[in-house]
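Accompanying notes for the structure given below.
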Amino acid sequence: MRLETEGGGGRERQVAFTRFFHDHGKHLARLAYLLIGDRSDAEDIAQDTLIEIYRRWGEVRADTAVAYARVAVVNRSRSLQRRRAVARRFAPRLAQRDDTGPADLPDRWLWDMVQSLPRRQREVVVLRYWCDLGEADIARVLGISAGTVKSSGHRAHTRLAAALAGHDQGMDRAREGAQ
């Protein structure tokens, strides 16, 4: 089933896309934000993705539209990160880290730990725990094998667990010092 009727269906196309936008637009922006850590860039990525999907609405199948959108967001996020890396390398004053963090995450240290993961590990963690995707779906979105998803997830888990243990020890010492 196509998202647009074969005969054009201008009004049906608009209604279907509007429904898709309302159901998934915020999710796509949040996914981009979790991958790159900058709210305005994430909104731009989501908007560009939605524009691309709207232009191709007649070609995108209903059962794959969300997966297609996720892949587009991940690819655009990667592209932005590559541009940022070049900017940091050749013009350090232009590439500044966004320290605001997500407003709805209560623990800044947790956000920092996830952001400190290497790109692929961060992508696997975000897709697994925020998008609630399984290994096969993550592999499809990232264009990697399920084994790579498993190993990246394991490495991320190991790094996060070690960082969490260090954070907990620091909190225990702080509590003891306050008593």
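In the structure tokens, chains take letters A, B, ... by order of appearance, with residues numbered from 1 within each chain and ligands from 1 in the order shown.
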### Message
Based on the backbone DSSP call, show me all residues of stretch 37-144 of chain A assigned helix (DSSP H, G or I), as number ranges by chain.
### Response
A: 39-55, 62-90, 92-94, 108-116, 119-129, 135-142
Output file for the selection above: C-alpha atoms, as a short mmCIF file (atom, residue, chain, number, x, y, z; two decimals), in the first residue's frame:
data_model
loop_
_atom_site.label_atom_id
_atom_site.label_comp_id
_atom_site.auth_asym_id
_atom_site.auth_seq_id
_atom_site.Cartn_x
_atom_site.Cartn_y
_atom_site.Cartn_z
CA ARG A 39 18.30 21.29 19.86
CA SER A 40 18.32 23.69 16.89
CA ASP A 41 20.37 21.34 14.71
CA ALA A 42 18.07 18.46 15.68
CA GLU A 43 15.02 20.46 14.67
CA ASP A 44 16.67 21.30 11.34
CA ILE A 45 17.48 17.64 10.76
CA ALA A 46 13.91 16.59 11.53
CA GLN A 47 12.50 19.35 9.33
CA ASP A 48 14.79 18.45 6.41
CA THR A 49 13.84 14.80 6.82
CA LEU A 50 10.13 15.59 6.84
CA ILE A 51 10.50 17.79 3.75
CA GLU A 52 12.31 14.97 1.96
CA ILE A 53 9.60 12.50 2.96
CA TYR A 54 6.85 14.87 1.83
CA ARG A 55 8.51 15.26 -1.58
CA ALA A 62 3.10 3.14 4.64
CA ASP A 63 4.67 0.17 6.42
CA THR A 64 8.20 1.55 6.02
CA ALA A 65 7.68 5.31 6.40
CA VAL A 66 8.83 5.51 10.03
CA ALA A 67 11.86 3.29 9.40
CA TYR A 68 12.73 5.38 6.33
CA ALA A 69 12.48 8.55 8.43
CA ARG A 70 14.71 7.11 11.17
CA VAL A 71 17.38 6.15 8.65
CA ALA A 72 17.23 9.64 7.16
CA VAL A 73 17.59 11.25 10.61
CA VAL A 74 20.56 9.03 11.51
CA ASN A 75 22.26 9.77 8.17
CA ARG A 76 21.69 13.51 8.46
CA SER A 77 22.98 13.42 12.05
CA ARG A 78 26.12 11.63 10.92
CA SER A 79 26.63 14.16 8.16
CA LEU A 80 26.31 17.02 10.63
CA GLN A 81 28.78 15.34 12.99
CA ARG A 82 31.27 14.96 10.14
CA ARG A 83 30.92 18.67 9.33
CA ARG A 84 31.41 19.49 13.02
CA ALA A 85 34.56 17.36 13.14
CA VAL A 86 36.01 19.24 10.17
CA ALA A 87 35.07 22.55 11.77
CA ARG A 88 36.78 21.54 15.02
CA ARG A 89 39.86 20.49 13.14
CA PHE A 90 40.22 23.58 10.96
CA PRO A 92 38.12 25.53 16.53
CA ARG A 93 36.39 28.78 17.44
CA LEU A 94 33.42 27.90 15.18
CA ARG A 108 23.08 16.02 33.52
CA TRP A 109 25.85 13.49 34.29
CA LEU A 110 23.85 10.74 32.57
CA TRP A 111 23.40 12.90 29.48
CA ASP A 112 27.14 13.63 29.48
CA MET A 113 27.96 9.91 29.74
CA VAL A 114 25.78 9.05 26.74
CA GLN A 115 27.18 11.97 24.75
CA SER A 116 30.74 10.83 25.54
CA ARG A 119 29.22 7.75 17.59
CA ARG A 120 28.17 4.18 16.76
CA GLN A 121 27.78 3.18 20.42
CA ARG A 122 25.70 6.30 21.07
CA GLU A 123 23.51 5.56 18.04
CA VAL A 124 22.92 1.98 19.19
CA VAL A 125 22.07 3.08 22.75
CA VAL A 126 19.65 5.80 21.59
CA LEU A 127 17.93 3.56 19.04
CA ARG A 128 17.68 0.71 21.54
CA TYR A 129 16.54 2.52 24.65
CA GLU A 135 18.91 -5.53 17.17
CA ALA A 136 17.66 -6.34 13.66
CA ASP A 137 15.86 -2.99 13.36
CA ILE A 138 18.87 -1.08 14.65
CA ALA A 139 21.07 -2.91 12.15
CA ARG A 140 18.73 -1.86 9.32
CA VAL A 141 18.59 1.77 10.45
CA LEU A 142 22.37 2.07 10.82
#
### Message
Let me make sure I understand: among A:His22, A:Arg13, A:Arg159, A:His27, which one has the smallest atom-to-atom distance to A:Val60 if we use only C-alpha atoms?
### Response
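Answer, going by the shortest atom-to-atom distance: A:Arg13.
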### Task
Could you check which of A:Val15, A:Ala165, A:Ile144, A:Leu35 is closest to A:Pro118, using only C-alpha atoms?
A:Leu35
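Our summary of the geometry notes that atom CA of A:Leu133 is positioned 15.4 Å from atom CA of A:His154.
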### Query
Interatomic distance between atom CA of A:Gly143 and atom CA of A:Ala161?
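Computing it gives 26.4 Å between the two atoms.
Using only C-alpha atoms, the nearest neighbour of A:Gly10 within the list A:Gly37, A:Gly25, A:Gly153, A:Gly58 is A:Gly58.
Note that the spacing between atom CA of A:Gly166 and atom CA of A:Asp38 amounts to 26.4 Å.
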